[in-house]
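Visitor: Starting off with a structure, shown below.
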Amino acid sequence: MVADRQLTVGKIVGLYGVGGWVKIESFTEPRMAIFAYRPWRLALHGAEREVASAQGHEQGKGMVAKLPHCDDRDAAAKLVGAEIRVPRSALPKPKRGEFYWADMEGLDVVTVDGAPLGKVSHLFATGANDVLVVQGERERLIPYVTGQFVKRVDLDAGRITVDWDPDF
């Protein structure tokens with residue numbers, strides 16, 4: 001695991017008012033936690049820019065942010081579509097038995113019998129549980145249900161052990 005890699009925690013999705021404020025979408029839980037992480041790196045069209053501090057709040061059903069040196073609507077418009085990234089090291093250490101999705105991406109997935117299934121491409125949430133997307137000789141969707149399907153996550157070994165039929 002590389003502690004300094006950049007993780008995408010949100011995105012600038014629109015403009016708010018004329019004073020340089022932007023609408024943002026937060027991928028953090030809770031969503032306001034995005035403002036606790038520093039520094040932000042805004043990534044757009046292959047270029048990145050560091051933002052030391054951003055202030056913001058919930059606005060209706062969304063969120064808005066004010067960025068330093070972004071003082072008018074024209075400056076804010078240039079940022080729409082930018083990903084908001086933070087260093088992995090800025091996130092708090094997860095509790096015992098909890099893992100950040102980003103830390104599981106790229107891990108090998110094997111069955112309890114040692115059969116390789118592939119690597120974790122990404123995860124996504126459903127109403128019932130999260131799902132591991134495993135890319136191997138084919139794509140597998142494995143419910144992230146600890147105890148039942150996910151038996152062990154070993155970040156140091158780079159492996160997730162699952163109780164899953166390799167033919168499924």
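Chain labels follow the order of the structure tokens: the first chain is A, the next B, and so on; residue numbering restarts at 1 in every chain, and ligands are counted from 1 in their shown order.
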Could you give me, as an MDAnalysis selection string, the residues within 12 Å of range 61-72 of chain A, counting only C-alpha atoms and dropping anything in the same chain fewer than 5 positions from it?
Guide: chainID A and resid 10:27 31:35 39:42 49:56 77:79 84
Visitor: Name all residues at most 12 Å from range 104-111 of chain A (count only C-alpha atoms; drop same-chain ones fewer than 5 positions away) and give them as a ChimeraX atom specification.
Guide: /A:1,7,98-99,116-124,131-136,139-142,144,149-168
Visitor: Separation of CA of Asp130 in chain A and CA of Lys95 in chain A, in Å?
Guide: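 Straight-line distance from CA of Asp130 in chain A to CA of Lys95 in chain A works out to 17.6 Å.
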Visitor: As a PyMOL selection string, list the residues of chain A assigned to helix (DSSP H, G or I) by DSSP on the backbone atoms of this structure.
Guide: chain A and resi 31-36+73-77+88-90+101-104
Visitor: Limited to C-alpha atoms, could you put the picked residues into a file as a CSV table (one decimal), in the first residue's frame?
Guide:
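New file again-v9.csv:
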chain,number,residue,atom,x,y,z
A,31,ARG,CA,-20.2,13.6,3.1
A,32,MET,CA,-19.2,16.7,5.1
A,33,ALA,CA,-15.9,14.9,6.1
A,34,ILE,CA,-14.5,16.0,2.7
A,35,PHE,CA,-13.7,19.4,4.3
A,36,ALA,CA,-11.6,17.8,7.0
A,73,ARG,CA,-18.0,32.8,-11.4
A,74,ASP,CA,-15.6,32.8,-14.4
A,75,ALA,CA,-12.8,31.4,-12.2
A,76,ALA,CA,-15.2,28.8,-10.7
A,77,ALA,CA,-16.4,27.7,-14.2
A,88,ARG,CA,-4.2,8.5,1.3
A,89,SER,CA,-2.3,9.5,4.4
A,90,ALA,CA,-4.8,12.3,5.2
A,101,TRP,CA,-12.2,0.5,-0.6
A,102,ALA,CA,-9.2,2.2,-2.2
A,103,ASP,CA,-6.9,-0.1,-0.1
A,104,MET,CA,-8.7,-3.2,-1.4
Visitor: Going by DSSP on the backbone, which bits of range 29-158 of chain A are strand (DSSP E)? Write them as a compact mmCIF listing (two decimals) with N, CA and C atoms, in the first residue's frame, please.
Guide:
# COMPACT_ATOMS: atom_id res chain seq x y z
N TRP A 40 -6.34 19.51 -0.61
CA TRP A 40 -7.02 19.00 -1.79
C TRP A 40 -6.11 19.19 -2.98
N ARG A 41 -6.21 18.28 -3.95
CA ARG A 41 -5.60 18.48 -5.26
C ARG A 41 -6.74 18.39 -6.26
N LEU A 42 -6.88 19.45 -7.04
CA LEU A 42 -7.92 19.46 -8.07
C LEU A 42 -7.30 18.97 -9.36
N ALA A 43 -7.87 17.92 -9.93
CA ALA A 43 -7.35 17.32 -11.15
C ALA A 43 -8.37 17.48 -12.27
N LEU A 44 -7.91 18.12 -13.36
CA LEU A 44 -8.80 18.37 -14.50
C LEU A 44 -7.96 18.43 -15.77
N ALA A 47 -4.12 18.18 -15.68
CA ALA A 47 -3.40 19.15 -14.84
C ALA A 47 -3.92 19.04 -13.41
N GLU A 48 -3.05 19.35 -12.46
CA GLU A 48 -3.44 19.35 -11.05
C GLU A 48 -3.04 20.65 -10.40
N ARG A 49 -3.83 21.02 -9.40
CA ARG A 49 -3.55 22.24 -8.64
C ARG A 49 -3.87 21.96 -7.18
N GLU A 50 -2.99 22.39 -6.29
CA GLU A 50 -3.20 22.16 -4.87
C GLU A 50 -4.05 23.27 -4.26
N VAL A 51 -4.97 22.88 -3.40
CA VAL A 51 -5.81 23.81 -2.67
C VAL A 51 -5.59 23.52 -1.19
N GLN A 55 -13.52 25.92 2.24
CA GLN A 55 -14.61 25.98 3.20
C GLN A 55 -15.89 25.63 2.47
N GLY A 56 -16.85 25.11 3.20
CA GLY A 56 -18.10 24.76 2.54
C GLY A 56 -19.17 24.37 3.52
N HIS A 57 -20.32 24.11 2.96
CA HIS A 57 -21.47 23.71 3.77
C HIS A 57 -22.51 23.03 2.89
N GLU A 58 -23.47 22.42 3.56
CA GLU A 58 -24.58 21.83 2.82
C GLU A 58 -25.48 22.96 2.34
N GLN A 59 -26.01 22.79 1.16
CA GLN A 59 -26.90 23.79 0.56
C GLN A 59 -28.05 23.03 -0.08
N GLY A 62 -27.57 19.50 -1.75
CA GLY A 62 -26.19 19.39 -2.20
C GLY A 62 -25.21 20.02 -1.25
N MET A 63 -24.01 20.27 -1.77
CA MET A 63 -22.95 20.91 -1.00
C MET A 63 -22.29 21.95 -1.87
N VAL A 64 -21.82 23.02 -1.23
CA VAL A 64 -21.09 24.06 -1.94
C VAL A 64 -19.78 24.34 -1.23
N ALA A 65 -18.81 24.81 -2.00
CA ALA A 65 -17.49 25.09 -1.45
C ALA A 65 -16.95 26.40 -2.00
N LYS A 66 -16.14 27.05 -1.18
CA LYS A 66 -15.42 28.26 -1.59
C LYS A 66 -13.95 27.93 -1.53
N GLU A 83 -11.77 16.61 -10.39
CA GLU A 83 -11.82 15.65 -9.29
C GLU A 83 -11.13 16.27 -8.09
N ILE A 84 -11.66 16.01 -6.91
CA ILE A 84 -11.05 16.46 -5.67
C ILE A 84 -10.31 15.26 -5.09
N ARG A 85 -9.00 15.40 -4.97
CA ARG A 85 -8.17 14.30 -4.47
C ARG A 85 -7.45 14.71 -3.20
N VAL A 86 -7.17 13.74 -2.36
CA VAL A 86 -6.38 13.97 -1.14
C VAL A 86 -5.38 12.83 -1.01
N PRO A 87 -4.28 13.07 -0.29
CA PRO A 87 -3.34 11.98 -0.06
C PRO A 87 -3.98 10.90 0.80
N ASP A 108 -5.29 -9.38 -4.75
CA ASP A 108 -5.62 -10.68 -5.31
C ASP A 108 -6.80 -11.26 -4.53
N VAL A 109 -7.67 -11.96 -5.24
CA VAL A 109 -8.80 -12.63 -4.60
C VAL A 109 -8.65 -14.12 -4.86
N VAL A 110 -8.67 -14.88 -3.76
CA VAL A 110 -8.55 -16.34 -3.85
C VAL A 110 -9.68 -16.97 -3.05
N THR A 111 -10.03 -18.20 -3.43
CA THR A 111 -11.04 -18.93 -2.67
C THR A 111 -10.40 -19.52 -1.42
N PRO A 116 -7.24 -19.04 -7.51
CA PRO A 116 -7.22 -17.61 -7.83
C PRO A 116 -8.45 -17.21 -8.66
N LEU A 117 -9.07 -16.07 -8.27
CA LEU A 117 -10.22 -15.57 -9.01
C LEU A 117 -9.91 -14.31 -9.79
N GLY A 118 -8.84 -13.61 -9.43
CA GLY A 118 -8.47 -12.37 -10.10
C GLY A 118 -8.09 -11.30 -9.10
N LYS A 119 -8.23 -10.06 -9.51
CA LYS A 119 -7.90 -8.91 -8.68
C LYS A 119 -9.14 -8.03 -8.51
N VAL A 120 -9.19 -7.33 -7.36
CA VAL A 120 -10.30 -6.41 -7.12
C VAL A 120 -10.13 -5.21 -8.05
N SER A 121 -11.09 -5.01 -8.93
CA SER A 121 -11.09 -3.87 -9.83
C SER A 121 -11.60 -2.64 -9.07
N HIS A 122 -12.74 -2.81 -8.42
CA HIS A 122 -13.35 -1.75 -7.64
C HIS A 122 -14.47 -2.35 -6.80
N LEU A 123 -15.09 -1.52 -6.02
CA LEU A 123 -16.23 -1.93 -5.22
C LEU A 123 -17.37 -0.96 -5.50
N PHE A 124 -18.59 -1.40 -5.23
CA PHE A 124 -19.72 -0.49 -5.31
C PHE A 124 -20.73 -0.87 -4.25
N ALA A 125 -21.53 0.10 -3.88
CA ALA A 125 -22.53 -0.10 -2.83
C ALA A 125 -23.88 -0.45 -3.44
N ASP A 130 -22.08 -4.00 0.17
CA ASP A 130 -21.12 -3.61 -0.85
C ASP A 130 -20.78 -4.83 -1.69
N VAL A 131 -20.22 -4.59 -2.88
CA VAL A 131 -19.91 -5.67 -3.80
C VAL A 131 -18.48 -5.50 -4.31
N LEU A 132 -17.70 -6.59 -4.25
CA LEU A 132 -16.35 -6.63 -4.84
C LEU A 132 -16.49 -6.94 -6.32
N VAL A 133 -15.86 -6.17 -7.18
CA VAL A 133 -15.82 -6.48 -8.60
C VAL A 133 -14.43 -7.06 -8.84
N VAL A 134 -14.40 -8.34 -9.18
CA VAL A 134 -13.15 -9.07 -9.33
C VAL A 134 -12.92 -9.36 -10.82
N GLN A 135 -11.79 -8.89 -11.33
CA GLN A 135 -11.43 -9.13 -12.74
C GLN A 135 -10.41 -10.25 -12.80
N GLU A 139 -15.24 -11.47 -15.23
CA GLU A 139 -15.62 -10.59 -14.13
C GLU A 139 -16.56 -11.32 -13.18
N ARG A 140 -16.28 -11.17 -11.87
CA ARG A 140 -17.15 -11.75 -10.85
C ARG A 140 -17.60 -10.64 -9.92
N LEU A 141 -18.84 -10.70 -9.49
CA LEU A 141 -19.39 -9.78 -8.51
C LEU A 141 -19.62 -10.57 -7.23
N ILE A 142 -18.84 -10.26 -6.20
CA ILE A 142 -18.89 -11.01 -4.95
C ILE A 142 -19.40 -10.09 -3.85
N PRO A 143 -20.51 -10.46 -3.21
CA PRO A 143 -21.01 -9.61 -2.12
C PRO A 143 -19.96 -9.48 -1.01
N TYR A 144 -19.73 -8.25 -0.57
CA TYR A 144 -18.78 -8.03 0.51
C TYR A 144 -19.53 -8.21 1.83
N VAL A 150 -16.76 -13.11 2.44
CA VAL A 150 -15.40 -12.59 2.63
C VAL A 150 -14.88 -13.15 3.95
N LYS A 151 -13.89 -14.02 3.83
CA LYS A 151 -13.35 -14.69 5.02
C LYS A 151 -12.19 -13.94 5.63
N ARG A 152 -11.35 -13.31 4.79
CA ARG A 152 -10.19 -12.62 5.33
C ARG A 152 -9.70 -11.58 4.34
N VAL A 153 -9.35 -10.40 4.87
CA VAL A 153 -8.70 -9.35 4.09
C VAL A 153 -7.33 -9.17 4.71
N ASP A 154 -6.29 -9.42 3.92
CA ASP A 154 -4.91 -9.29 4.40
C ASP A 154 -4.20 -8.27 3.51
Visitor: Between CA of Gly60 in chain A and CA of Thr126 in chain A, what is the distance, to one decimal in Å?
Guide: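 According to the coordinates, CA of Gly60 in chain A and CA of Thr126 in chain A are separated by 24.4 Å.
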Visitor: Would you mind reading off the distance between CA of Gly81 in chain A and CA of His45 in chain A, one decimal, in Å?
Guide: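 Going from CA of Gly81 in chain A over to CA of His45 in chain A covers 9.1 Å.
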Visitor: Please determine, counting only C-alpha atoms, which residue among A:Val145, A:Ala128, A:Leu91, A:Ala115 has the shortest atom-to-atom distance to Gln6 in chain A.
Guide: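 Looking at the shortest contact to Gln6 in chain A, the residue is A:Leu91.
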